[in-house]
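Everything below belongs to work-v3.cif, which stores mmCIF, C-alpha atoms and all ligand atoms.
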data_query
#
loop_
_atom_site.label_atom_id
_atom_site.label_comp_id
_atom_site.auth_asym_id
_atom_site.auth_seq_id
_atom_site.Cartn_x
_atom_site.Cartn_y
_atom_site.Cartn_z
CA MET L 1 0.00 0.00 0.00
CA LYS L 2 1.45 3.34 -1.06
CA ILE L 3 0.04 6.29 0.84
CA ILE L 4 0.58 10.06 0.85
CA MET L 5 -0.37 12.14 3.88
CA LEU L 6 -1.57 15.61 2.94
CA GLY L 7 -2.48 18.43 5.29
CA ALA L 8 -1.30 21.71 6.78
CA PRO L 9 1.75 21.80 9.03
CA GLY L 10 0.56 20.49 12.39
CA ALA L 11 -2.55 18.78 11.02
CA GLY L 12 -1.40 15.47 12.46
CA LYS L 13 0.19 13.85 9.39
CA GLY L 14 3.18 12.55 11.31
CA THR L 15 1.09 11.28 14.22
CA GLN L 16 -1.15 9.33 11.87
CA ALA L 17 1.63 8.22 9.53
CA LYS L 18 3.50 6.53 12.39
CA GLN L 19 0.38 4.58 13.33
CA ILE L 20 -0.33 3.62 9.74
CA ALA L 21 3.27 2.44 9.34
CA GLY L 22 2.91 0.29 12.45
CA LYS L 23 -0.42 -1.26 11.52
CA TYR L 24 0.33 -1.99 7.88
CA GLU L 25 4.04 -2.76 8.44
CA ILE L 26 5.34 -0.30 5.89
CA PRO L 27 8.06 2.36 6.32
CA HIS L 28 7.17 5.88 7.43
CA ILE L 29 9.08 8.33 5.26
CA SER L 30 9.12 11.89 6.60
CA THR L 31 11.12 14.41 4.61
CA GLY L 32 11.06 16.76 7.62
CA ASP L 33 12.66 14.01 9.77
CA ILE L 34 15.25 13.30 7.05
CA PHE L 35 16.18 17.01 6.87
CA ARG L 36 16.33 17.33 10.67
CA ALA L 37 18.59 14.26 10.90
CA ASN L 38 20.87 15.86 8.29
CA ILE L 39 20.95 19.11 10.24
CA LYS L 40 21.82 17.25 13.42
CA ASN L 41 24.63 15.37 11.66
CA GLY L 42 25.94 18.56 10.06
CA THR L 43 25.75 17.30 6.45
CA GLU L 44 25.91 19.58 3.41
CA LEU L 45 22.23 18.83 2.71
CA GLY L 46 21.39 19.70 6.31
CA LYS L 47 23.18 23.04 6.09
CA LYS L 48 21.33 23.99 2.93
CA ALA L 49 17.94 22.74 4.15
CA LYS L 50 18.22 24.61 7.46
CA GLU L 51 18.38 27.99 5.73
CA TYR L 52 14.92 27.42 4.30
CA MET L 53 13.37 25.54 7.20
CA ASP L 54 14.24 28.22 9.76
CA GLN L 55 12.38 30.77 7.66
CA GLY L 56 9.31 28.58 7.25
CA LEU L 57 10.05 28.19 3.54
CA LEU L 58 10.12 24.98 1.53
CA VAL L 59 13.44 23.37 0.77
CA PRO L 60 13.88 23.61 -3.04
CA ASP L 61 12.57 20.68 -5.09
CA GLU L 62 16.09 19.97 -6.42
CA LEU L 63 17.25 19.12 -2.90
CA THR L 64 14.14 17.13 -2.03
CA CYS L 65 12.98 14.98 -4.94
CA ASP L 66 16.05 12.81 -5.53
CA LEU L 67 16.38 11.84 -1.92
CA VAL L 68 12.78 10.64 -1.81
CA MET L 69 13.08 8.78 -5.12
CA ASP L 70 16.14 6.94 -3.77
CA ARG L 71 14.39 6.14 -0.52
CA ILE L 72 11.24 4.63 -2.07
CA GLN L 73 13.31 2.34 -4.25
CA GLN L 74 14.99 0.69 -1.27
CA ASP L 75 14.10 -2.90 -0.42
CA ASP L 76 11.93 -2.19 2.59
CA CYS L 77 9.52 -0.20 0.37
CA LYS L 78 8.59 -3.23 -1.74
CA ASN L 79 5.22 -3.64 -0.03
CA GLY L 80 4.51 0.06 0.13
CA PHE L 81 5.28 3.11 2.25
CA VAL L 82 3.63 6.11 3.82
CA LEU L 83 4.94 9.50 2.73
CA ASP L 84 4.65 12.25 5.33
CA GLY L 85 5.47 15.78 4.19
CA PHE L 86 6.17 14.81 0.59
CA PRO L 87 5.06 15.84 -1.99
CA ARG L 88 4.58 19.46 -0.99
CA THR L 89 4.55 21.05 -4.47
CA ILE L 90 3.07 20.10 -7.84
CA PRO L 91 6.56 19.50 -9.34
CA GLN L 92 7.34 17.11 -6.46
CA ALA L 93 4.09 15.23 -7.12
CA GLU L 94 4.92 15.02 -10.81
CA ALA L 95 8.44 13.74 -10.04
CA LEU L 96 6.96 11.07 -7.79
CA ASP L 97 4.44 9.98 -10.43
CA ALA L 98 7.13 9.85 -13.09
CA ALA L 99 9.45 7.73 -10.91
CA LEU L 100 6.66 5.29 -10.08
CA THR L 101 5.40 5.07 -13.65
CA LYS L 102 8.92 4.08 -14.71
CA ILE L 103 8.73 1.01 -12.48
CA GLY L 104 5.10 0.25 -13.38
CA GLN L 105 3.63 1.44 -10.08
CA LYS L 106 1.37 4.19 -8.76
CA MET L 107 0.25 5.73 -5.49
CA ASP L 108 -2.87 4.16 -3.93
CA TYR L 109 -4.17 6.85 -1.58
CA ALA L 110 -3.64 10.52 -0.78
CA ILE L 111 -5.18 11.16 2.63
CA ASP L 112 -5.91 14.78 3.44
CA VAL L 113 -5.97 15.42 7.18
CA ASP L 114 -8.17 18.48 7.25
CA VAL L 115 -7.64 21.02 10.06
CA PRO L 116 -8.57 24.72 9.78
CA ASP L 117 -5.82 27.33 10.24
CA GLU L 118 -7.36 28.55 13.53
CA ASN L 119 -6.45 25.25 15.23
CA ILE L 120 -2.96 25.04 13.84
CA VAL L 121 -1.06 27.65 15.84
CA ASN L 122 -2.23 26.07 19.08
CA ARG L 123 -1.21 22.62 17.90
CA MET L 124 2.23 23.79 16.92
CA SER L 125 3.00 25.81 20.02
CA GLY L 126 2.15 22.74 22.11
CA ARG L 127 4.13 20.30 19.97
CA ARG L 128 7.29 18.92 21.51
CA ALA L 129 9.69 16.92 19.42
CA CYS L 130 12.43 14.41 20.12
CA LEU L 131 15.22 15.15 17.68
CA ASP L 132 16.87 11.82 18.47
CA CYS L 133 14.12 9.36 17.56
CA GLY L 134 11.55 11.56 15.81
CA ALA L 135 8.78 11.02 18.37
CA THR L 136 6.27 13.85 18.71
CA TYR L 137 4.21 14.90 21.72
CA HIS L 138 1.75 17.63 22.63
CA ILE L 139 1.82 19.30 26.03
CA VAL L 140 -1.98 18.95 26.34
CA SER L 141 -3.24 16.25 24.01
CA LEU L 142 -0.28 13.85 24.13
CA PRO L 143 2.01 14.65 27.06
CA PRO L 144 5.14 12.53 27.62
CA LYS L 145 5.19 10.40 30.79
CA THR L 146 7.97 12.57 32.26
CA GLU L 147 7.78 16.25 31.42
CA GLY L 148 10.36 17.27 28.82
CA LYS L 149 11.69 13.72 28.21
CA CYS L 150 11.01 11.35 25.34
CA ASP L 151 9.09 8.20 26.39
CA HIS L 152 10.97 6.11 23.83
CA CYS L 153 14.59 7.16 24.24
CA GLY L 154 14.76 9.51 27.24
CA SER L 155 16.22 12.43 25.24
CA ASP L 156 15.20 16.02 25.90
CA LEU L 157 12.09 17.25 24.09
CA VAL L 158 12.24 20.59 22.28
CA LEU L 159 9.91 23.17 20.81
CA ARG L 160 11.07 23.20 17.20
CA GLU L 161 12.46 26.58 16.11
CA ASP L 162 10.00 26.58 13.20
CA ASP L 163 7.02 25.85 15.49
CA LYS L 164 7.17 29.33 17.03
CA PRO L 165 4.07 31.35 16.09
CA GLU L 166 5.82 33.81 13.71
CA THR L 167 7.21 30.97 11.59
CA VAL L 168 3.99 28.95 11.76
CA GLN L 169 2.09 31.80 10.07
CA LYS L 170 4.63 31.82 7.26
CA ARG L 171 4.41 28.03 6.90
CA LEU L 172 0.62 28.24 6.66
CA THR L 173 0.87 30.81 3.89
CA VAL L 174 3.35 28.61 2.04
CA TYR L 175 1.05 25.62 2.59
CA HIS L 176 -1.96 27.36 1.00
CA ASP L 177 0.12 28.64 -1.87
CA LYS L 178 2.28 25.60 -2.75
CA THR L 179 0.84 22.46 -1.14
CA GLN L 180 -2.94 22.85 -1.05
CA PRO L 181 -3.15 22.61 -4.88
CA LEU L 182 -2.16 18.95 -4.43
CA ILE L 183 -5.64 18.26 -3.07
CA ASP L 184 -7.09 18.89 -6.53
CA TYR L 185 -4.16 17.12 -8.17
CA TYR L 186 -4.98 13.87 -6.34
CA LYS L 187 -8.74 14.43 -6.58
CA ASN L 188 -8.27 14.42 -10.35
CA GLN L 189 -6.35 11.15 -10.08
CA GLY L 190 -9.27 9.69 -8.10
CA ILE L 191 -7.14 8.73 -5.06
CA LEU L 192 -7.97 11.59 -2.68
CA LYS L 193 -9.60 10.76 0.66
CA SER L 194 -10.34 13.39 3.33
CA VAL L 195 -10.58 12.94 7.06
CA ASP L 196 -11.63 15.44 9.72
CA GLY L 197 -8.35 16.11 11.53
CA THR L 198 -9.97 18.12 14.34
CA GLN L 199 -11.17 14.92 15.98
CA PRO L 200 -9.15 13.23 18.73
CA MET L 201 -6.14 11.28 17.39
CA GLU L 202 -7.76 7.86 17.86
CA ALA L 203 -10.89 8.93 15.93
CA VAL L 204 -8.76 10.27 13.08
CA PHE L 205 -6.91 6.95 12.94
CA THR L 206 -10.18 5.00 12.86
CA ALA L 207 -11.38 7.16 9.96
CA ILE L 208 -8.14 6.38 8.13
CA THR L 209 -8.28 2.62 8.73
CA ASP L 210 -11.90 2.66 7.52
CA ILE L 211 -10.54 4.02 4.24
CA LEU L 212 -7.53 1.70 3.98
CA GLY L 213 -9.27 -1.43 5.16
CA ALA L 214 -8.17 -3.93 7.82
P1 LIG E 1 5.31 19.56 9.59
O1 LIG E 1 5.25 18.11 10.01
O2 LIG E 1 5.08 20.46 10.75
O3 LIG E 1 4.47 19.89 8.43
P2 LIG E 1 7.82 18.83 8.48
O4 LIG E 1 8.61 18.16 9.53
O5 LIG E 1 7.10 17.97 7.50
O6 LIG E 1 6.81 19.82 9.19
O7 LIG E 1 8.71 19.84 7.65
C1 LIG E 1 9.51 20.82 8.30
C2 LIG E 1 10.15 21.69 7.25
O8 LIG E 1 11.00 20.89 6.40
C3 LIG E 1 9.19 22.36 6.27
O9 LIG E 1 8.65 23.56 6.79
C4 LIG E 1 10.10 22.60 5.06
O10 LIG E 1 10.96 23.68 5.27
C5 LIG E 1 10.96 21.33 5.06
N1 LIG E 1 10.35 20.26 4.23
C6 LIG E 1 9.87 19.06 4.66
N2 LIG E 1 9.40 18.34 3.63
C7 LIG E 1 9.58 19.10 2.51
C8 LIG E 1 9.28 18.93 1.12
N3 LIG E 1 8.67 17.81 0.66
N4 LIG E 1 9.61 19.94 0.28
C9 LIG E 1 10.21 21.06 0.72
N5 LIG E 1 10.49 21.29 2.00
C10 LIG E 1 10.19 20.33 2.90
P1 LIG E 2 2.19 17.24 11.20
O1 LIG E 2 3.08 16.04 10.98
O2 LIG E 2 1.04 17.29 10.27
O3 LIG E 2 2.96 18.52 11.22
P2 LIG E 2 1.95 16.25 13.96
O4 LIG E 2 1.51 14.83 13.77
O5 LIG E 2 3.34 16.48 14.35
O6 LIG E 2 1.55 17.12 12.65
O7 LIG E 2 0.96 16.93 15.02
C1 LIG E 2 1.11 18.29 15.41
C2 LIG E 2 0.89 18.43 16.92
O8 LIG E 2 -0.50 18.21 17.21
C3 LIG E 2 1.65 17.40 17.77
O9 LIG E 2 2.00 18.02 18.98
C4 LIG E 2 0.65 16.28 17.98
O10 LIG E 2 0.90 15.57 19.20
C5 LIG E 2 -0.68 17.05 18.03
N1 LIG E 2 -1.81 16.32 17.43
C6 LIG E 2 -1.79 15.48 16.36
N2 LIG E 2 -3.02 15.01 16.07
C7 LIG E 2 -3.85 15.59 16.98
C8 LIG E 2 -5.28 15.50 17.21
N3 LIG E 2 -6.07 14.74 16.43
N4 LIG E 2 -5.78 16.23 18.22
C9 LIG E 2 -4.98 17.01 19.00
N5 LIG E 2 -3.65 17.14 18.84
C10 LIG E 2 -3.08 16.43 17.84
ZN ZN E 3 13.05 9.99 21.43
#
In structure tokens, write the structure found in this file.
Ligand code: ADP
Ligand code: ADP
Ligand code: ZN
Amino acid sequence: MKIIMLGAPGAGKGTQAKQIAGKYEIPHISTGDIFRANIKNGTELGKKAKEYMDQGLLVPDELTCDLVMDRIQQDDCKNGFVLDGFPRTIPQAEALDAALTKIGQKMDYAIDVDVPDENIVNRMSGRRACLDCGATYHIVSLPPKTEGKCDHCGSDLVLREDDKPETVQKRLTVYHDKTQPLIDYYKNQGILKSVDGTQPMEAVFTAITDILGA
């Protein structure tokens, strides 16, 4: 099963993608996590990506597409994968389609996790991230067992620099401008499914599994 998670920053794509990956035993591929790992390790890609991420801008397609195309052709993606945060532009979606067409495959579902802008700033300011293992928490709706520490690996949790309200506004503008057009793109392909992302996390996941099947 090959799935794309669509939705505004903070809509809950990552939260749901991790659960989907667990249930259907497919890899969770988050471009944001890949960039953050590169930043942490001080790679050239990380240095370039950081300049854009800190400003709430998208990393250019040239730096993004190839890395995803390489990733989805690895062995563990044979039975499918869930893409979280990619594609984010029409050219990225076209690159993905072209790469899959070449190997006789196509995406199965694009799931739009729909959350209005009003709810997003609150979600993001409460998000806490573990930069070691990629786990995500929320100070109200999904608190860690010990304040400030990751349940999985014990590392310190942080408020991401780009989750501060000034940058979130910018990211929302970029989302509406560059990423939202993908909703129509996948609607036209007949693979778009929408879920109400304002529901509690468990209810959103149930709505998704209703779409994907057991
Ligand atoms: P969120 O989960 O809050 O939407 P991500 O972790 O997916 O955030 O992405 C963080 C940042 O990484 C984005 O704001 C953007 O700068 C960069 N990024 C992630 N994925 C992409 C992509 N597919 N294309 C361009 N930039 C990306
Ligand atoms: P995205 O990957 O789309 O940027 P996340 O999955 O990281 O979004 O979720 C953003 C924040 O909102 C996190 O702190 C997460 O714990 C929280 N969150 C996710 N889904 C829900 C939900 N259905 N209700 C309330 N909070 C949520
Ligand atoms: Zn962790």
Fill in: Within 6 Å of ligand LIG 2 (chain E) (all atoms listed in the file), residues as a PyMOL selection string
chain L and resi 9-15+123-124+126-128+136-138+141-142+197-201
Enclose all atoms of ligand LIG 1 (chain E) listed in the file in an axis-aligned box, grow every side by 8 Å, and hand back centre and edge lengths in Å to one decimal, as AutoDock Vina command-line options.
--center_x 7.7 --center_y 20.7 --center_z 5.5 --size_x 22.5 --size_y 21.9 --size_z 26.5
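With all atoms listed in the file as the basis for measurement, L:Leu131 is the residue among L:Ile211, L:Leu131, L:Ile4, L:Leu172 that approaches Gly154 of chain L most closely.
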Write out as JSON lines the residues of chain L that have any atom within 10 Å of an atom of ligand ZN 3 (chain E), one row each with the nearest atom pair and its distance in Å to one decimal, counting all atoms listed in the file, sorted by chain and then rising number.
{"residue": "L:Ala129", "atom": "CA", "partner": "E:ZN3", "partner_atom": "ZN", "distance": 8.0}
{"residue": "L:Cys130", "atom": "CA", "partner": "E:ZN3", "partner_atom": "ZN", "distance": 4.7}
{"residue": "L:Leu131", "atom": "CA", "partner": "E:ZN3", "partner_atom": "ZN", "distance": 6.7}
{"residue": "L:Asp132", "atom": "CA", "partner": "E:ZN3", "partner_atom": "ZN", "distance": 5.2}
{"residue": "L:Cys133", "atom": "CA", "partner": "E:ZN3", "partner_atom": "ZN", "distance": 4.1}
{"residue": "L:Gly134", "atom": "CA", "partner": "E:ZN3", "partner_atom": "ZN", "distance": 6.0}
{"residue": "L:Ala135", "atom": "CA", "partner": "E:ZN3", "partner_atom": "ZN", "distance": 5.4}
{"residue": "L:Thr136", "atom": "CA", "partner": "E:ZN3", "partner_atom": "ZN", "distance": 8.3}
{"residue": "L:Lys149", "atom": "CA", "partner": "E:ZN3", "partner_atom": "ZN", "distance": 7.9}
{"residue": "L:Cys150", "atom": "CA", "partner": "E:ZN3", "partner_atom": "ZN", "distance": 4.6}
{"residue": "L:Asp151", "atom": "CA", "partner": "E:ZN3", "partner_atom": "ZN", "distance": 6.6}
{"residue": "L:His152", "atom": "CA", "partner": "E:ZN3", "partner_atom": "ZN", "distance": 5.0}
{"residue": "L:Cys153", "atom": "CA", "partner": "E:ZN3", "partner_atom": "ZN", "distance": 4.3}
{"residue": "L:Gly154", "atom": "CA", "partner": "E:ZN3", "partner_atom": "ZN", "distance": 6.1}
{"residue": "L:Ser155", "atom": "CA", "partner": "E:ZN3", "partner_atom": "ZN", "distance": 5.5}
{"residue": "L:Asp156", "atom": "CA", "partner": "E:ZN3", "partner_atom": "ZN", "distance": 7.8}
{"residue": "L:Leu157", "atom": "CA", "partner": "E:ZN3", "partner_atom": "ZN", "distance": 7.8}
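Residues in contact with Cys77 of chain L at up to 8 Å, not including ones fewer than 4 positions away on its chain and judged by all atoms listed in the file, are L:Ile26, L:Pro27, L:Ile72, L:Gln73, L:Phe81.
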Can I get the selected residues back with C-alpha atoms, as a PDB file, in the frame of the given file?
ATOM      1  CA  ILE L  26       5.340  -0.300   5.890  1.00  0.00           C
ATOM      2  CA  PRO L  27       8.060   2.360   6.320  1.00  0.00           C
ATOM      3  CA  ILE L  72      11.240   4.630  -2.070  1.00  0.00           C
ATOM      4  CA  GLN L  73      13.310   2.340  -4.250  1.00  0.00           C
ATOM      5  CA  PHE L  81       5.280   3.110   2.250  1.00  0.00           C
TER       6      PHE L  81
END
Considering all atoms listed in the file, give me a table of residues in chain L that are at most 9 Å from ligand LIG 1 (chain E), with the closest atom pair and distance in Å for each, as JSON lines.
{"residue": "L:Gly7", "atom": "CA", "partner": "E:LIG1", "partner_atom": "O3", "distance": 7.8}
{"residue": "L:Ala8", "atom": "CA", "partner": "E:LIG1", "partner_atom": "O3", "distance": 6.3}
{"residue": "L:Pro9", "atom": "CA", "partner": "E:LIG1", "partner_atom": "O3", "distance": 3.4}
{"residue": "L:Gly10", "atom": "CA", "partner": "E:LIG1", "partner_atom": "O2", "distance": 4.8}
{"residue": "L:Ala11", "atom": "CA", "partner": "E:LIG1", "partner_atom": "O3", "distance": 7.6}
{"residue": "L:Gly12", "atom": "CA", "partner": "E:LIG1", "partner_atom": "O1", "distance": 7.6}
{"residue": "L:Lys13", "atom": "CA", "partner": "E:LIG1", "partner_atom": "O1", "distance": 6.6}
{"residue": "L:Gly14", "atom": "CA", "partner": "E:LIG1", "partner_atom": "O1", "distance": 6.1}
{"residue": "L:Ser30", "atom": "CA", "partner": "E:LIG1", "partner_atom": "O5", "distance": 6.5}
{"residue": "L:Thr31", "atom": "CA", "partner": "E:LIG1", "partner_atom": "N2", "distance": 4.4}
{"residue": "L:Gly32", "atom": "CA", "partner": "E:LIG1", "partner_atom": "O4", "distance": 3.4}
{"residue": "L:Asp33", "atom": "CA", "partner": "E:LIG1", "partner_atom": "O4", "distance": 5.8}
{"residue": "L:Ile34", "atom": "CA", "partner": "E:LIG1", "partner_atom": "C6", "distance": 8.2}
{"residue": "L:Phe35", "atom": "CA", "partner": "E:LIG1", "partner_atom": "O8", "distance": 6.5}
{"residue": "L:Arg36", "atom": "CA", "partner": "E:LIG1", "partner_atom": "O8", "distance": 7.7}
{"residue": "L:Ala49", "atom": "CA", "partner": "E:LIG1", "partner_atom": "O10", "distance": 7.1}
{"residue": "L:Lys50", "atom": "CA", "partner": "E:LIG1", "partner_atom": "O10", "distance": 7.6}
{"residue": "L:Glu51", "atom": "CA", "partner": "E:LIG1", "partner_atom": "O10", "distance": 8.6}
{"residue": "L:Tyr52", "atom": "CA", "partner": "E:LIG1", "partner_atom": "O10", "distance": 5.5}
{"residue": "L:Met53", "atom": "CA", "partner": "E:LIG1", "partner_atom": "O10", "distance": 3.6}
{"residue": "L:Asp54", "atom": "CA", "partner": "E:LIG1", "partner_atom": "O10", "distance": 7.2}
{"residue": "L:Gln55", "atom": "CA", "partner": "E:LIG1", "partner_atom": "O10", "distance": 7.6}
{"residue": "L:Gly56", "atom": "CA", "partner": "E:LIG1", "partner_atom": "O9", "distance": 5.1}
{"residue": "L:Leu57", "atom": "CA", "partner": "E:LIG1", "partner_atom": "O10", "distance": 4.9}
{"residue": "L:Leu58", "atom": "CA", "partner": "E:LIG1", "partner_atom": "N5", "distance": 3.7}
{"residue": "L:Val59", "atom": "CA", "partner": "E:LIG1", "partner_atom": "N5", "distance": 3.8}
{"residue": "L:Pro60", "atom": "CA", "partner": "E:LIG1", "partner_atom": "C9", "distance": 5.8}
{"residue": "L:Asp61", "atom": "CA", "partner": "E:LIG1", "partner_atom": "N4", "distance": 6.2}
{"residue": "L:Leu63", "atom": "CA", "partner": "E:LIG1", "partner_atom": "C9", "distance": 8.2}
{"residue": "L:Thr64", "atom": "CA", "partner": "E:LIG1", "partner_atom": "N4", "distance": 5.8}
{"residue": "L:Cys65", "atom": "CA", "partner": "E:LIG1", "partner_atom": "N3", "distance": 7.6}
{"residue": "L:Val68", "atom": "CA", "partner": "E:LIG1", "partner_atom": "N3", "distance": 8.6}
{"residue": "L:Asp84", "atom": "CA", "partner": "E:LIG1", "partner_atom": "O5", "distance": 6.6}
{"residue": "L:Gly85", "atom": "CA", "partner": "E:LIG1", "partner_atom": "O5", "distance": 4.3}
{"residue": "L:Phe86", "atom": "CA", "partner": "E:LIG1", "partner_atom": "N3", "distance": 3.9}
{"residue": "L:Pro87", "atom": "CA", "partner": "E:LIG1", "partner_atom": "N3", "distance": 4.9}
{"residue": "L:Arg88", "atom": "CA", "partner": "E:LIG1", "partner_atom": "N3", "distance": 4.7}
{"residue": "L:Thr89", "atom": "CA", "partner": "E:LIG1", "partner_atom": "N4", "distance": 7.0}
{"residue": "L:Gln92", "atom": "CA", "partner": "E:LIG1", "partner_atom": "N3", "distance": 7.3}
{"residue": "L:Met124", "atom": "CA", "partner": "E:LIG1", "partner_atom": "O2", "distance": 7.6}
{"residue": "L:Asp162", "atom": "CA", "partner": "E:LIG1", "partner_atom": "O9", "distance": 7.2}
{"residue": "L:Asp163", "atom": "CA", "partner": "E:LIG1", "partner_atom": "O2", "distance": 7.4}
{"residue": "L:Thr167", "atom": "CA", "partner": "E:LIG1", "partner_atom": "O9", "distance": 8.9}
{"residue": "L:Val168", "atom": "CA", "partner": "E:LIG1", "partner_atom": "O2", "distance": 8.6}
{"residue": "L:Arg171", "atom": "CA", "partner": "E:LIG1", "partner_atom": "O9", "distance": 6.2}
{"residue": "L:Val174", "atom": "CA", "partner": "E:LIG1", "partner_atom": "O9", "distance": 8.7}
{"residue": "L:Tyr175", "atom": "CA", "partner": "E:LIG1", "partner_atom": "O3", "distance": 8.9}
Fill in: Spatial neighbours of Leu96 of chain L, 9 Å, only C-alpha atoms, chain gap at least 2 places, as a ChimeraX atom specification
/L:65,68-69,87,91-94,98-101,106-107
Item to complete: Counting only C-alpha atoms, figure out which residue out of L:Asn79, L:Gln189, L:Gln19, L:Gln105 gets nearest to Phe205 of chain L.
Response: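 Using only C-alpha atoms, Phe205 of chain L sits closest to L:Gln19.
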Practice prompt. Do a neighbour search on Ile208 of chain L at 9 Å with only C-alpha atoms, toss out local chain neighbours closer than 3 positions, and write the hits as a ChimeraX atom specification.
Written response: /L:16,20,111,193-195,203-205,211-213
Worksheet item: Between L:Arg71, L:Ser125, L:Lys102, L:Asp97, which has the minimum distance to Arg160 of chain L (counting all atoms listed in the file)?
Response: L:Ser125
Worksheet item: Suppose you want the space between atom CA of Val115 of chain L and atom CA of Asp196 of chain L; what is it in Å?
Response: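 Separating atom CA of Val115 of chain L from atom CA of Asp196 of chain L is a distance of 6.9 Å.
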Discussion item. Report, in Å with one decimal, the straight-line distance from atom CA of Lys47 of chain L to atom CA of Ile29 of chain L.
Written reply: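 Between atom CA of Lys47 of chain L and atom CA of Ile29 of chain L the gap works out to 20.4 Å.
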Worksheet item: What is the atom CA of Val158 of chain L-atom CA of Asn38 of chain L distance in Å, reported with one decimal?
Response: 17.1 Å
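Candidate residues L:Met1, L:Leu45, L:Ala110, L:Leu67 were compared for distance to Tyr24 of chain L, and the nearest is L:Met1, using only C-alpha atoms.
With all atoms listed in the file as the atoms that count, the residue of L:Asp210, L:Pro143, L:Lys78, L:Asp66 with the shortest distance to Ile103 of chain L is L:Lys78.
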Export: segment 122-134 of chain L, N, CA, C and O atoms, as a short mmCIF file (atom, residue, chain, number, x, y, z; two decimals), in the first residue's frame:
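What landed in selection_12.cif:
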data_model
loop_
_atom_site.label_atom_id
_atom_site.label_comp_id
_atom_site.auth_asym_id
_atom_site.auth_seq_id
_atom_site.Cartn_x
_atom_site.Cartn_y
_atom_site.Cartn_z
N ASN L 122 -2.16 26.70 17.78
CA ASN L 122 -2.23 26.07 19.08
C ASN L 122 -1.58 24.70 19.08
O ASN L 122 -0.80 24.33 19.96
N ARG L 123 -1.84 23.94 18.04
CA ARG L 123 -1.21 22.62 17.90
C ARG L 123 0.30 22.73 17.87
O ARG L 123 1.01 21.96 18.51
N MET L 124 0.79 23.70 17.11
CA MET L 124 2.23 23.79 16.92
C MET L 124 2.94 24.31 18.15
O MET L 124 4.05 23.89 18.45
N SER L 125 2.29 25.26 18.86
CA SER L 125 3.00 25.81 20.02
C SER L 125 3.04 24.77 21.14
O SER L 125 3.92 24.83 22.00
N GLY L 126 2.13 23.80 21.09
CA GLY L 126 2.15 22.74 22.11
C GLY L 126 2.94 21.51 21.69
O GLY L 126 3.15 20.59 22.48
N ARG L 127 3.39 21.49 20.43
CA ARG L 127 4.13 20.30 19.97
C ARG L 127 5.52 20.28 20.60
O ARG L 127 6.19 21.30 20.68
N ARG L 128 5.93 19.12 21.03
CA ARG L 128 7.29 18.92 21.51
C ARG L 128 7.87 17.75 20.74
O ARG L 128 7.21 16.74 20.55
N ALA L 129 9.10 17.93 20.29
CA ALA L 129 9.69 16.92 19.42
C ALA L 129 10.95 16.34 20.03
O ALA L 129 11.70 17.04 20.72
N CYS L 130 11.17 15.06 19.77
CA CYS L 130 12.43 14.41 20.12
C CYS L 130 13.27 14.38 18.86
O CYS L 130 12.88 13.76 17.88
N LEU L 131 14.40 15.08 18.88
CA LEU L 131 15.22 15.15 17.68
C LEU L 131 16.11 13.92 17.54
O LEU L 131 16.78 13.73 16.54
N ASP L 132 16.08 13.04 18.57
CA ASP L 132 16.87 11.82 18.47
C ASP L 132 16.11 10.70 17.78
O ASP L 132 16.66 10.03 16.91
N CYS L 133 14.84 10.49 18.16
CA CYS L 133 14.12 9.36 17.56
C CYS L 133 12.94 9.79 16.71
O CYS L 133 12.27 8.96 16.11
N GLY L 134 12.63 11.09 16.67
CA GLY L 134 11.55 11.56 15.81
C GLY L 134 10.17 11.51 16.46
O GLY L 134 9.18 11.89 15.83
#
